[in-house]
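Asker: One structure coming up, written as structure tokens, with questions to follow.
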Amino acid sequence: MAAESLIIAAEPLIRIQQLSKQYKMGGETLKALDEVSLVVNKGDFIAIIGPSGSGKSTLMNVIGCLDAPTSGQYWLDGEEISRLKENKLAEIRNRKIGFIFQGFNLLSRLTAIENVELPLIYRGVPSKLRREHALEALRKVGLEERIHHRPVELSGGQQQRVAIARALAGNPPILLADEPTGALDTRTGKEVMGFIKELNGLGHTIVLITHDPVISEQAKRVVRIMDGKLNEEAGGRNELHTGV
Amino acid sequence: MNFIQAFKMAIKSILSNKLRSLLTMLGIIIGVTAVIALVALGQGATKSVTEQVESLGTNLLTVNIVGRGTTSTMKAEEAVAIGDTVDGIRYVAPFNSQNSSVKFGTTSVNVSVVGTNADYALVKDYKVSSGRFLAQIDLDVYQKVAVIGSSTATELFGFSSPIGEYVLIQGTRYKVVGVLEEKGSSTTGSNDEVVMIPETSAERLFKSKGVRTIYVQVETTDKIDSVVAGLENVLSDHFRGNTNSYRVFNQSDALSTLTSVSDTLTLALAGIAGISLLVGGIGIMNIMLVSVTERTREIGIRKAIGAKKRDILIQFLIEAMVLSGLGGLLGIGIGVGAAQGASSAFDMDIVFSANVIGVAFFFSVAIGVLFGMFPANKAAKLKPIEALRFE
């Protein structure tokens, strides 16, 4: 209990308060996110689950700093970022968030190591150090043998591991995974999930977005999203509104 | 992200699509090739014309005496004396010529007989191949000696040596003392069909007093203006203020006319080149726009992992710049090759100037920046979520 109270006392990594996102579609206002509140602490492994159209992607975009909310507050690692300008957001994405996409989203013209280096390039890391970091990240995902392969020369699972290495390379506090197994077969999907779990075990905070209950079961916490509203499921630690 | 990194990325993306890159560059390549080759040929032509004019001597002044009233000439001694009064004159040669028949034995030719002094060879750049040229003493004692041009020598004497032989000019015997080296033709006709005799003897032969033409060689080209002014002063004094009695003709005036013609030509070439570069630039813009659309997803990924607007802008701008710069370099290479090919095939003079090459390269790069700006800006302004969603 002492450990638990320590975590709560510390500033959470993600603190979302009454956050709304509205889209105007043909004169009608669509509430993709409706006064959502969410807290993610350091070391958490949280799954956000919901069917398509539930506002899941919008929430991911907002958490990933790809999109700005209409109203509400978003504190990321002690910084209020909901009103920041595009360039500042790019910087925060670069430093704070490692993206793992469903479709891997590797640059096909670059080799594995070049792909992994990319976030470091935009951070302005000098080339030698960049190479070291990228190599280390690729070693973590077990691909140090294939650093000079292009994505087309790698299997789906390997591609996703390169993508994970890219997310890890900058050593961001949060890994944001959007359906990381969506484009993989069950077996490699399982492998990748095992890997993500392992990363969580090493201390990485993971936010996983999925529509698949089987996948979400592997998370420590599961948050269900429906019609733009969040609902924490039993089984996870019930701290949805704690510390707010 | 630094420039070297952006540069590497640009090279990579250009190399990944070689054929398209080459076709995109084609406009710039053709433009720059045209500039380099045409300017090299144009400047070569200008140079060869200039050299021809200069071989006549750019520091050569011609004084034509029109005279006033009955005195339509100037005494030869007075003419030569000008050389001492005006500062900056190297040689002065009086010139008196008439077409007349020259006979040796039974052979007769019609050539221009020139009465002049020893300086004439220096002024007109004649060299003696055998014997000697006229000397001042020949003028002083009215010697009947002649120096003949190479063509005239061959026509009259064939292959035997003319030195010491006598020719008849209008019935008077002249001893041949020298033969000139071959000089070729100029705009004023053959320089080798000529017979030169001392000016004083020529006055007697032609039964005329004084000279109508004086050649003046100036020490250096930059003294031409002061010498022209000096000559005009002296001549004005001589003809008592009648400035219509004489005319000082400057070779460098002719040269500057030629130069202005070639400048206009160069300007016209630059205009044509400018248009083709413009077309090349539009080609680059077109392909860059296509490329931005094609790579929307890539832009989205780059933005998602932290590329700022500026990073994307620089990436595409440098890509356009590298494309056009590479086109420029290729164009310079092909242009130099084409000009050299043309010069050896058609025996034309070519001149490459570092200036023109530099400007052509700079222009092609500038075109890349100018026409890359719009596509690059379009790429930079893409929203990451929309770009990521793009299939």
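Please note that chains go A, B, ... in the order of the structure tokens, that every chain numbers its residues from 1, and that ligands are numbered from 1 in the order shown.
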Report as a list in words the set of chain A residues whose atoms approach chain B to within 7 Å, with distances computed over only C-alpha atoms.
Answerer: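 Taking only C-alpha atoms into account, Leu66, Asn87, Ala90, Glu91, Arg93, Asn94, Asn105, Leu107, Pro119, Ile121, Tyr122 and Gly124 of chain A sit within 7 Å of chain B.
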Asker: Pick out the residues sitting within 8 Å of range 12-25 of chain A, and hand them over as a PyMOL selection string; count only C-alpha atoms, and ignore anything fewer than 3 positions along from it in its own chain.
Answerer: chain A and resi 7-8+28-42+58+69-78+173+244
Asker: I need the chosen residues saved as a short mmCIF file (atom, residue, chain, number, x, y, z; two decimals), in the first residue's frame, with N, CA, C and O atoms.
Answerer:
data_model
loop_
_atom_site.label_atom_id
_atom_site.label_comp_id
_atom_site.auth_asym_id
_atom_site.auth_seq_id
_atom_site.Cartn_x
_atom_site.Cartn_y
_atom_site.Cartn_z
N ILE A 7 2.94 6.28 -5.74
CA ILE A 7 2.63 6.50 -7.16
C ILE A 7 1.55 7.57 -7.31
O ILE A 7 1.64 8.46 -8.14
N ILE A 8 0.56 7.47 -6.46
CA ILE A 8 -0.55 8.43 -6.53
C ILE A 8 -0.07 9.84 -6.18
O ILE A 8 -0.44 10.82 -6.80
N GLU A 28 -24.10 19.38 -38.31
CA GLU A 28 -24.34 18.67 -37.05
C GLU A 28 -23.04 18.60 -36.25
O GLU A 28 -21.98 18.40 -36.83
N THR A 29 -23.12 18.77 -34.97
CA THR A 29 -21.93 18.68 -34.15
C THR A 29 -21.82 17.27 -33.60
O THR A 29 -22.75 16.74 -32.98
N LEU A 30 -20.67 16.67 -33.87
CA LEU A 30 -20.46 15.30 -33.43
C LEU A 30 -19.50 15.30 -32.25
O LEU A 30 -18.40 15.85 -32.35
N LYS A 31 -19.92 14.74 -31.15
CA LYS A 31 -19.05 14.71 -29.97
C LYS A 31 -18.27 13.41 -29.99
O LYS A 31 -18.74 12.37 -29.55
N ALA A 32 -17.05 13.51 -30.49
CA ALA A 32 -16.20 12.32 -30.55
C ALA A 32 -15.70 11.96 -29.15
O ALA A 32 -15.55 10.79 -28.81
N LEU A 33 -15.42 12.96 -28.35
CA LEU A 33 -15.04 12.76 -26.96
C LEU A 33 -15.90 13.68 -26.12
O LEU A 33 -16.03 14.86 -26.42
N ASP A 34 -16.50 13.13 -25.08
CA ASP A 34 -17.46 13.91 -24.31
C ASP A 34 -16.99 13.99 -22.86
O ASP A 34 -17.20 13.05 -22.08
N GLU A 35 -16.35 15.08 -22.53
CA GLU A 35 -15.90 15.33 -21.16
C GLU A 35 -15.18 14.11 -20.56
O GLU A 35 -15.55 13.60 -19.51
N VAL A 36 -14.18 13.69 -21.22
CA VAL A 36 -13.45 12.50 -20.79
C VAL A 36 -12.42 12.88 -19.74
O VAL A 36 -11.79 13.93 -19.82
N SER A 37 -12.25 12.04 -18.74
CA SER A 37 -11.18 12.23 -17.76
C SER A 37 -10.44 10.92 -17.62
O SER A 37 -11.04 9.84 -17.62
N LEU A 38 -9.13 11.00 -17.51
CA LEU A 38 -8.31 9.79 -17.45
C LEU A 38 -6.97 10.11 -16.81
O LEU A 38 -6.41 11.17 -17.06
N VAL A 39 -6.50 9.19 -15.99
CA VAL A 39 -5.18 9.36 -15.39
C VAL A 39 -4.35 8.13 -15.71
O VAL A 39 -4.81 7.00 -15.55
N VAL A 40 -3.16 8.32 -16.19
CA VAL A 40 -2.24 7.21 -16.42
C VAL A 40 -0.96 7.50 -15.64
O VAL A 40 -0.37 8.56 -15.81
N ASN A 41 -0.60 6.57 -14.79
CA ASN A 41 0.60 6.76 -13.99
C ASN A 41 1.81 6.13 -14.65
O ASN A 41 1.70 5.34 -15.59
N LYS A 42 2.94 6.49 -14.15
CA LYS A 42 4.19 5.93 -14.65
C LYS A 42 4.18 4.42 -14.46
O LYS A 42 3.81 3.93 -13.40
N THR A 58 -9.97 9.11 -31.91
CA THR A 58 -9.85 10.52 -31.53
C THR A 58 -9.07 10.63 -30.22
O THR A 58 -8.20 11.48 -30.08
N PRO A 69 -7.65 19.03 -28.52
CA PRO A 69 -9.04 18.90 -28.08
C PRO A 69 -9.79 20.23 -28.23
O PRO A 69 -9.18 21.29 -28.31
N THR A 70 -11.12 20.13 -28.27
CA THR A 70 -11.93 21.34 -28.36
C THR A 70 -11.95 22.07 -27.02
O THR A 70 -11.84 23.28 -26.96
N SER A 71 -12.11 21.28 -25.97
CA SER A 71 -12.07 21.89 -24.64
C SER A 71 -11.51 20.88 -23.64
O SER A 71 -11.37 19.70 -23.95
N GLY A 72 -11.21 21.35 -22.45
CA GLY A 72 -10.66 20.47 -21.42
C GLY A 72 -9.16 20.61 -21.31
O GLY A 72 -8.53 21.37 -22.05
N GLN A 73 -8.61 19.83 -20.38
CA GLN A 73 -7.18 19.94 -20.11
C GLN A 73 -6.49 18.61 -20.34
O GLN A 73 -7.06 17.55 -20.12
N TYR A 74 -5.27 18.69 -20.79
CA TYR A 74 -4.46 17.49 -20.98
C TYR A 74 -3.07 17.78 -20.44
O TYR A 74 -2.34 18.61 -20.98
N TRP A 75 -2.76 17.14 -19.33
CA TRP A 75 -1.43 17.30 -18.73
C TRP A 75 -0.60 16.08 -19.11
O TRP A 75 -0.96 14.95 -18.82
N LEU A 76 0.51 16.33 -19.77
CA LEU A 76 1.38 15.23 -20.15
C LEU A 76 2.74 15.48 -19.50
O LEU A 76 3.40 16.49 -19.78
N ASP A 77 3.11 14.56 -18.61
CA ASP A 77 4.41 14.66 -17.94
C ASP A 77 4.61 16.05 -17.32
O ASP A 77 5.67 16.67 -17.45
N GLY A 78 3.53 16.53 -16.68
CA GLY A 78 3.63 17.79 -15.95
C GLY A 78 3.46 19.04 -16.79
O GLY A 78 3.74 20.14 -16.35
N PRO A 173 8.72 8.64 -22.43
CA PRO A 173 8.05 8.09 -21.25
C PRO A 173 6.83 7.24 -21.59
O PRO A 173 6.47 6.36 -20.83
N VAL A 244 -7.38 13.34 -8.99
CA VAL A 244 -7.82 14.48 -9.80
C VAL A 244 -8.17 15.65 -8.88
O VAL A 244 -8.89 15.45 -7.94
#
Asker: Taking the backbone alone, and naming residues the way the document does, which bits of range 92-244 of chain A are helix (DSSP H, G or I) by DSSP, as a VMD selection string?
Answerer: chain A and resid 92 to 96 112 to 123 127 to 140 144 to 146 151 to 153 156 to 169 186 to 201 213 to 216
Asker: Do you know which residues are at most 10 Å from Ala112 in chain A counting only C-alpha atoms, after dropping those on the same chain fewer than 2 positions away, and could you put them as a tab-separated table (two decimals) with N, CA, C and O atoms, in the first residue's frame?
Answerer:
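Dumped everything to part.tsv:
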chain	number	residue	atom	x	y	z
A	106	LEU	N	6.38	2.25	-41.40
A	106	LEU	CA	7.82	2.45	-41.61
A	106	LEU	C	8.00	3.11	-42.97
A	106	LEU	O	7.16	2.96	-43.85
A	107	LEU	N	9.08	3.85	-43.12
A	107	LEU	CA	9.36	4.46	-44.43
A	107	LEU	C	10.04	3.40	-45.30
A	107	LEU	O	11.12	2.91	-44.96
A	108	SER	N	9.38	3.09	-46.42
A	108	SER	CA	9.83	1.94	-47.21
A	108	SER	C	11.18	2.16	-47.87
A	108	SER	O	11.86	1.22	-48.22
A	109	ARG	N	11.55	3.42	-48.05
A	109	ARG	CA	12.81	3.68	-48.73
A	109	ARG	C	14.02	3.60	-47.79
A	109	ARG	O	15.15	3.57	-48.23
A	110	LEU	N	13.74	3.60	-46.50
A	110	LEU	CA	14.84	3.59	-45.53
A	110	LEU	C	15.05	2.18	-44.98
A	110	LEU	O	14.13	1.38	-44.92
A	114	GLU	N	17.80	3.11	-40.32
A	114	GLU	CA	17.48	4.50	-40.68
A	114	GLU	C	16.09	4.88	-40.18
A	114	GLU	O	15.86	6.00	-39.74
A	115	ASN	N	15.17	3.91	-40.25
A	115	ASN	CA	13.84	4.16	-39.72
A	115	ASN	C	13.88	4.43	-38.22
A	115	ASN	O	13.22	5.33	-37.73
A	116	VAL	N	14.70	3.64	-37.52
A	116	VAL	CA	14.78	3.78	-36.07
A	116	VAL	C	15.46	5.11	-35.70
A	116	VAL	O	15.13	5.75	-34.71
A	117	GLU	N	16.37	5.53	-36.56
A	117	GLU	CA	17.09	6.78	-36.29
A	117	GLU	C	16.22	8.02	-36.47
A	117	GLU	O	16.53	9.08	-35.94
A	134	ALA	N	20.05	3.92	-31.84
A	134	ALA	CA	19.23	3.13	-32.76
A	134	ALA	C	19.62	1.66	-32.68
A	134	ALA	O	18.76	0.77	-32.66
A	135	LEU	N	20.93	1.42	-32.61
A	135	LEU	CA	21.42	0.04	-32.52
A	135	LEU	C	20.93	-0.63	-31.24
A	135	LEU	O	20.50	-1.78	-31.25
A	138	LEU	N	17.31	-1.51	-31.55
A	138	LEU	CA	17.11	-2.68	-32.41
A	138	LEU	C	17.57	-3.95	-31.72
A	138	LEU	O	17.01	-5.03	-31.93
A	143	LEU	N	16.66	-7.44	-33.35
A	143	LEU	CA	16.84	-7.34	-34.80
A	143	LEU	C	18.20	-6.81	-35.19
A	143	LEU	O	18.38	-6.27	-36.28
A	144	GLU	N	19.19	-6.98	-34.29
A	144	GLU	CA	20.49	-6.39	-34.61
A	144	GLU	C	21.13	-7.03	-35.84
A	144	GLU	O	22.05	-6.45	-36.43
A	146	ARG	N	19.50	-7.50	-38.60
A	146	ARG	CA	18.80	-7.08	-39.82
A	146	ARG	C	18.70	-5.56	-39.96
A	146	ARG	O	17.76	-5.05	-40.54
A	147	ILE	N	19.70	-4.89	-39.43
A	147	ILE	CA	19.59	-3.43	-39.39
A	147	ILE	C	19.62	-2.78	-40.77
A	147	ILE	O	19.13	-1.69	-40.95
A	148	HIS	N	20.23	-3.47	-41.74
A	148	HIS	CA	20.33	-2.84	-43.06
A	148	HIS	C	19.28	-3.35	-44.04
A	148	HIS	O	19.40	-3.15	-45.25
A	149	HIS	N	18.28	-4.02	-43.51
A	149	HIS	CA	17.21	-4.49	-44.38
A	149	HIS	C	16.15	-3.42	-44.51
A	149	HIS	O	15.89	-2.67	-43.59
A	150	ARG	N	15.53	-3.39	-45.68
A	150	ARG	CA	14.41	-2.49	-45.87
A	150	ARG	C	13.14	-3.18	-45.38
A	150	ARG	O	13.10	-4.42	-45.34
A	151	PRO	N	12.10	-2.39	-45.07
A	151	PRO	CA	10.87	-3.01	-44.56
A	151	PRO	C	10.33	-4.13	-45.44
A	151	PRO	O	9.88	-5.15	-44.91
A	153	GLU	N	11.87	-6.28	-46.99
A	153	GLU	CA	12.66	-7.50	-46.83
A	153	GLU	C	12.44	-8.15	-45.47
A	153	GLU	O	13.13	-9.10	-45.13
A	154	LEU	N	11.52	-7.57	-44.70
A	154	LEU	CA	11.26	-8.10	-43.36
A	154	LEU	C	9.83	-8.64	-43.29
A	154	LEU	O	8.95	-8.19	-44.01
A	158	GLN	N	8.59	-8.74	-37.88
A	158	GLN	CA	9.87	-8.02	-37.81
A	158	GLN	C	9.67	-6.54	-38.05
A	158	GLN	O	10.27	-5.70	-37.39
A	159	GLN	N	8.75	-6.24	-39.01
A	159	GLN	CA	8.48	-4.83	-39.28
A	159	GLN	C	7.92	-4.15	-38.04
A	159	GLN	O	8.31	-3.04	-37.70
A	161	ARG	N	8.44	-5.01	-35.05
A	161	ARG	CA	9.51	-4.87	-34.07
A	161	ARG	C	10.41	-3.67	-34.40
A	161	ARG	O	10.87	-2.97	-33.49
A	162	VAL	N	10.63	-3.44	-35.72
A	162	VAL	CA	11.39	-2.24	-36.12
A	162	VAL	C	10.63	-1.00	-35.66
A	162	VAL	O	11.20	-0.05	-35.11
A	163	ALA	N	9.30	-1.04	-35.86
A	163	ALA	CA	8.48	0.09	-35.45
A	163	ALA	C	8.56	0.30	-33.95
A	163	ALA	O	8.62	1.44	-33.47
A	165	ALA	N	11.11	-0.58	-32.10
A	165	ALA	CA	12.45	-0.06	-31.86
A	165	ALA	C	12.49	1.44	-32.13
A	165	ALA	O	13.11	2.21	-31.39
A	166	ARG	N	11.77	1.86	-33.18
A	166	ARG	CA	11.72	3.28	-33.50
A	166	ARG	C	11.06	4.05	-32.36
A	166	ARG	O	11.50	5.13	-31.98
Asker: If you count only C-alpha atoms, which residues fall within 10 Å of Val356 in chain B, apart from same-chain ones fewer than 2 positions away, as a PyMOL selection string?
Answerer: chain B and resi 35-36+39-40+270+332+352-354+358-362
Asker: Find the residues around Asp253 in chain B up to 12 Å (only C-alpha atoms counted), leave out those fewer than 5 positions away in its own chain, and share them as a list in words.
Answerer: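 Contacts, with the query itself left out: Thr50, Val53, Glu54, Gly57, Thr58, Asn59, Leu60, Leu61, Thr62, Thr221, Ile224, Asp225, Val228, Val248, Leu258, Thr259 and Ser260 of chain B.
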Asker: Restricting it to C-alpha atoms, dump the selection as an mmCIF file, in the first residue's frame.
Answerer:
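Output below, filename again.cif:
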data_model
loop_
_atom_site.group_PDB
_atom_site.id
_atom_site.type_symbol
_atom_site.label_atom_id
_atom_site.label_comp_id
_atom_site.auth_asym_id
_atom_site.auth_seq_id
_atom_site.Cartn_x
_atom_site.Cartn_y
_atom_site.Cartn_z
ATOM 1 C CA THR B 50 38.359 40.777 -81.726
ATOM 2 C CA VAL B 53 40.728 43.516 -85.288
ATOM 3 C CA GLU B 54 43.446 43.556 -82.667
ATOM 4 C CA GLY B 57 46.405 46.930 -83.790
ATOM 5 C CA THR B 58 43.978 48.301 -81.268
ATOM 6 C CA ASN B 59 46.471 50.979 -80.464
ATOM 7 C CA LEU B 60 46.558 51.979 -84.092
ATOM 8 C CA LEU B 61 45.147 55.363 -85.096
ATOM 9 C CA THR B 62 44.541 56.381 -88.661
ATOM 10 C CA THR B 221 45.965 51.128 -75.318
ATOM 11 C CA ILE B 224 44.707 56.183 -76.999
ATOM 12 C CA ASP B 225 42.313 58.860 -75.798
ATOM 13 C CA VAL B 228 43.692 61.235 -80.079
ATOM 14 C CA VAL B 248 41.294 60.678 -86.622
ATOM 15 C CA LEU B 258 31.761 44.766 -82.357
ATOM 16 C CA THR B 259 31.726 44.223 -78.616
ATOM 17 C CA SER B 260 28.347 45.875 -78.231
#
Asker: With distances taken over only C-alpha atoms, which of A:Gly43, A:Arg83, A:Gly26, A:Glu136 is nearest to Gly201 in chain A?
Answerer: A:Gly43
Asker: Do a neighbour search on Leu326 in chain B at 10 Å with only C-alpha atoms, toss out local chain neighbours closer than 2 positions, and write the hits as a PyMOL selection string.
Answerer: chain B and resi 21-22+25+28-29+320-324+328-332+361+364-365
Asker: Store the residues picked out above in a file with N, CA, C and O atoms, as an mmCIF file, in the first residue's frame.
Answerer:
data_model
loop_
_atom_site.group_PDB
_atom_site.id
_atom_site.type_symbol
_atom_site.label_atom_id
_atom_site.label_comp_id
_atom_site.auth_asym_id
_atom_site.auth_seq_id
_atom_site.Cartn_x
_atom_site.Cartn_y
_atom_site.Cartn_z
ATOM 1 N N SER B 21 13.496 11.361 -61.800
ATOM 2 C CA SER B 21 14.376 12.474 -61.441
ATOM 3 C C SER B 21 15.075 13.023 -62.670
ATOM 4 O O SER B 21 15.160 14.232 -62.863
ATOM 5 N N LEU B 22 15.530 12.099 -63.518
ATOM 6 C CA LEU B 22 16.240 12.513 -64.724
ATOM 7 C C LEU B 22 15.317 13.320 -65.633
ATOM 8 O O LEU B 22 15.678 14.368 -66.153
ATOM 9 N N MET B 25 14.741 16.683 -64.303
ATOM 10 C CA MET B 25 15.897 17.560 -64.454
ATOM 11 C C MET B 25 16.085 18.007 -65.900
ATOM 12 O O MET B 25 16.811 18.953 -66.161
ATOM 13 N N ILE B 28 15.966 21.640 -66.917
ATOM 14 C CA ILE B 28 17.107 22.419 -66.422
ATOM 15 C C ILE B 28 18.365 22.046 -67.206
ATOM 16 O O ILE B 28 19.143 22.911 -67.593
ATOM 17 N N ILE B 29 18.513 20.735 -67.450
ATOM 18 C CA ILE B 29 19.705 20.285 -68.176
ATOM 19 C C ILE B 29 19.778 20.961 -69.538
ATOM 20 O O ILE B 29 20.798 21.526 -69.920
ATOM 21 N N ALA B 320 14.132 19.696 -54.061
ATOM 22 C CA ALA B 320 13.962 20.451 -55.308
ATOM 23 C C ALA B 320 15.274 21.097 -55.721
ATOM 24 O O ALA B 320 15.640 21.112 -56.899
ATOM 25 N N MET B 321 16.000 21.592 -54.712
ATOM 26 C CA MET B 321 17.251 22.288 -54.983
ATOM 27 C C MET B 321 18.299 21.321 -55.518
ATOM 28 O O MET B 321 19.020 21.639 -56.460
ATOM 29 N N VAL B 322 18.364 20.145 -54.894
ATOM 30 C CA VAL B 322 19.340 19.148 -55.346
ATOM 31 C C VAL B 322 19.002 18.705 -56.768
ATOM 32 O O VAL B 322 19.880 18.577 -57.621
ATOM 33 N N LEU B 323 17.708 18.505 -57.024
ATOM 34 C CA LEU B 323 17.265 18.132 -58.373
ATOM 35 C C LEU B 323 17.748 19.154 -59.388
ATOM 36 O O LEU B 323 18.374 18.812 -60.393
ATOM 37 N N SER B 324 17.438 20.429 -59.116
ATOM 38 C CA SER B 324 17.770 21.454 -60.102
ATOM 39 C C SER B 324 19.277 21.699 -60.139
ATOM 40 O O SER B 324 19.839 21.917 -61.209
ATOM 41 N N GLY B 328 21.652 21.287 -63.194
ATOM 42 C CA GLY B 328 22.579 22.344 -63.597
ATOM 43 C C GLY B 328 23.970 21.797 -63.858
ATOM 44 O O GLY B 328 24.584 22.091 -64.879
ATOM 45 N N LEU B 329 24.429 20.935 -62.936
ATOM 46 C CA LEU B 329 25.766 20.359 -63.101
ATOM 47 C C LEU B 329 25.850 19.518 -64.370
ATOM 48 O O LEU B 329 26.796 19.631 -65.144
ATOM 49 N N LEU B 330 24.811 18.676 -64.557
ATOM 50 C CA LEU B 330 24.780 17.846 -65.768
ATOM 51 C C LEU B 330 24.766 18.730 -67.006
ATOM 52 O O LEU B 330 25.462 18.470 -67.985
ATOM 53 N N GLY B 331 23.957 19.794 -66.930
ATOM 54 C CA GLY B 331 23.864 20.730 -68.048
ATOM 55 C C GLY B 331 25.207 21.358 -68.347
ATOM 56 O O GLY B 331 25.587 21.492 -69.516
ATOM 57 N N ILE B 332 25.933 21.724 -67.304
ATOM 58 C CA ILE B 332 27.252 22.332 -67.506
ATOM 59 C C ILE B 332 28.173 21.333 -68.203
ATOM 60 O O ILE B 332 28.829 21.655 -69.185
ATOM 61 N N PHE B 361 24.937 27.759 -62.905
ATOM 62 C CA PHE B 361 24.712 26.833 -61.793
ATOM 63 C C PHE B 361 23.885 27.495 -60.699
ATOM 64 O O PHE B 361 22.889 26.944 -60.219
ATOM 65 N N SER B 364 20.307 27.733 -61.716
ATOM 66 C CA SER B 364 19.539 26.491 -61.689
ATOM 67 C C SER B 364 19.164 26.124 -60.249
ATOM 68 O O SER B 364 18.050 25.660 -59.996
ATOM 69 N N VAL B 365 20.080 26.374 -59.315
ATOM 70 C CA VAL B 365 19.767 26.102 -57.909
ATOM 71 C C VAL B 365 18.657 27.040 -57.431
ATOM 72 O O VAL B 365 17.702 26.625 -56.773
#
Asker: Please identify which residues in range 222-388 of chain B DSSP calls strand (DSSP E or B) from the backbone, and express them as a short mmCIF file (atom, residue, chain, number, x, y, z; two decimals) with N, CA and C atoms, in the first residue's frame.
Answerer:
data_model
loop_
_atom_site.label_atom_id
_atom_site.label_comp_id
_atom_site.auth_asym_id
_atom_site.auth_seq_id
_atom_site.Cartn_x
_atom_site.Cartn_y
_atom_site.Cartn_z
N TYR B 246 40.55 67.14 -91.30
CA TYR B 246 41.21 65.89 -90.93
C TYR B 246 40.23 65.01 -90.15
N ARG B 247 40.58 63.77 -90.09
CA ARG B 247 39.74 62.86 -89.31
C ARG B 247 40.67 61.84 -88.63
N VAL B 248 40.49 61.67 -87.33
CA VAL B 248 41.29 60.68 -86.62
C VAL B 248 40.41 59.47 -86.37
N PHE B 249 40.80 58.36 -86.94
CA PHE B 249 40.00 57.14 -86.85
C PHE B 249 40.64 56.17 -85.86
N ASN B 250 39.82 55.68 -84.97
CA ASN B 250 40.31 54.86 -83.86
C ASN B 250 39.88 53.42 -84.05
#
Asker: Fewer than 2 positions away in the same chain doesn't count, so skip those; otherwise give me all residues within 12 Å of Glu217 in chain A, counting only C-alpha atoms, as a ChimeraX atom specification.
Answerer: /A:45-49,193,197,208-215,219-224,233-236
Asker: Of the candidates B:Val218, B:Val336, B:Val145, B:Val234, which one gets nearest to Ile82 in chain B if we count only C-alpha atoms?
Answerer: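 That would be B:Val234, the residue with the smallest distance to Ile82 in chain B.
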Asker: How many Å separate CA of Val152 in chain A from CA of Ala167 in chain A?
Answerer: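 These atoms are spaced 19.3 Å apart.
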Asker: Could you state the separation of CA of Ala254 in chain B and CA of Ser151 in chain B in Å, given to one decimal place?
Answerer: 28.5 Å
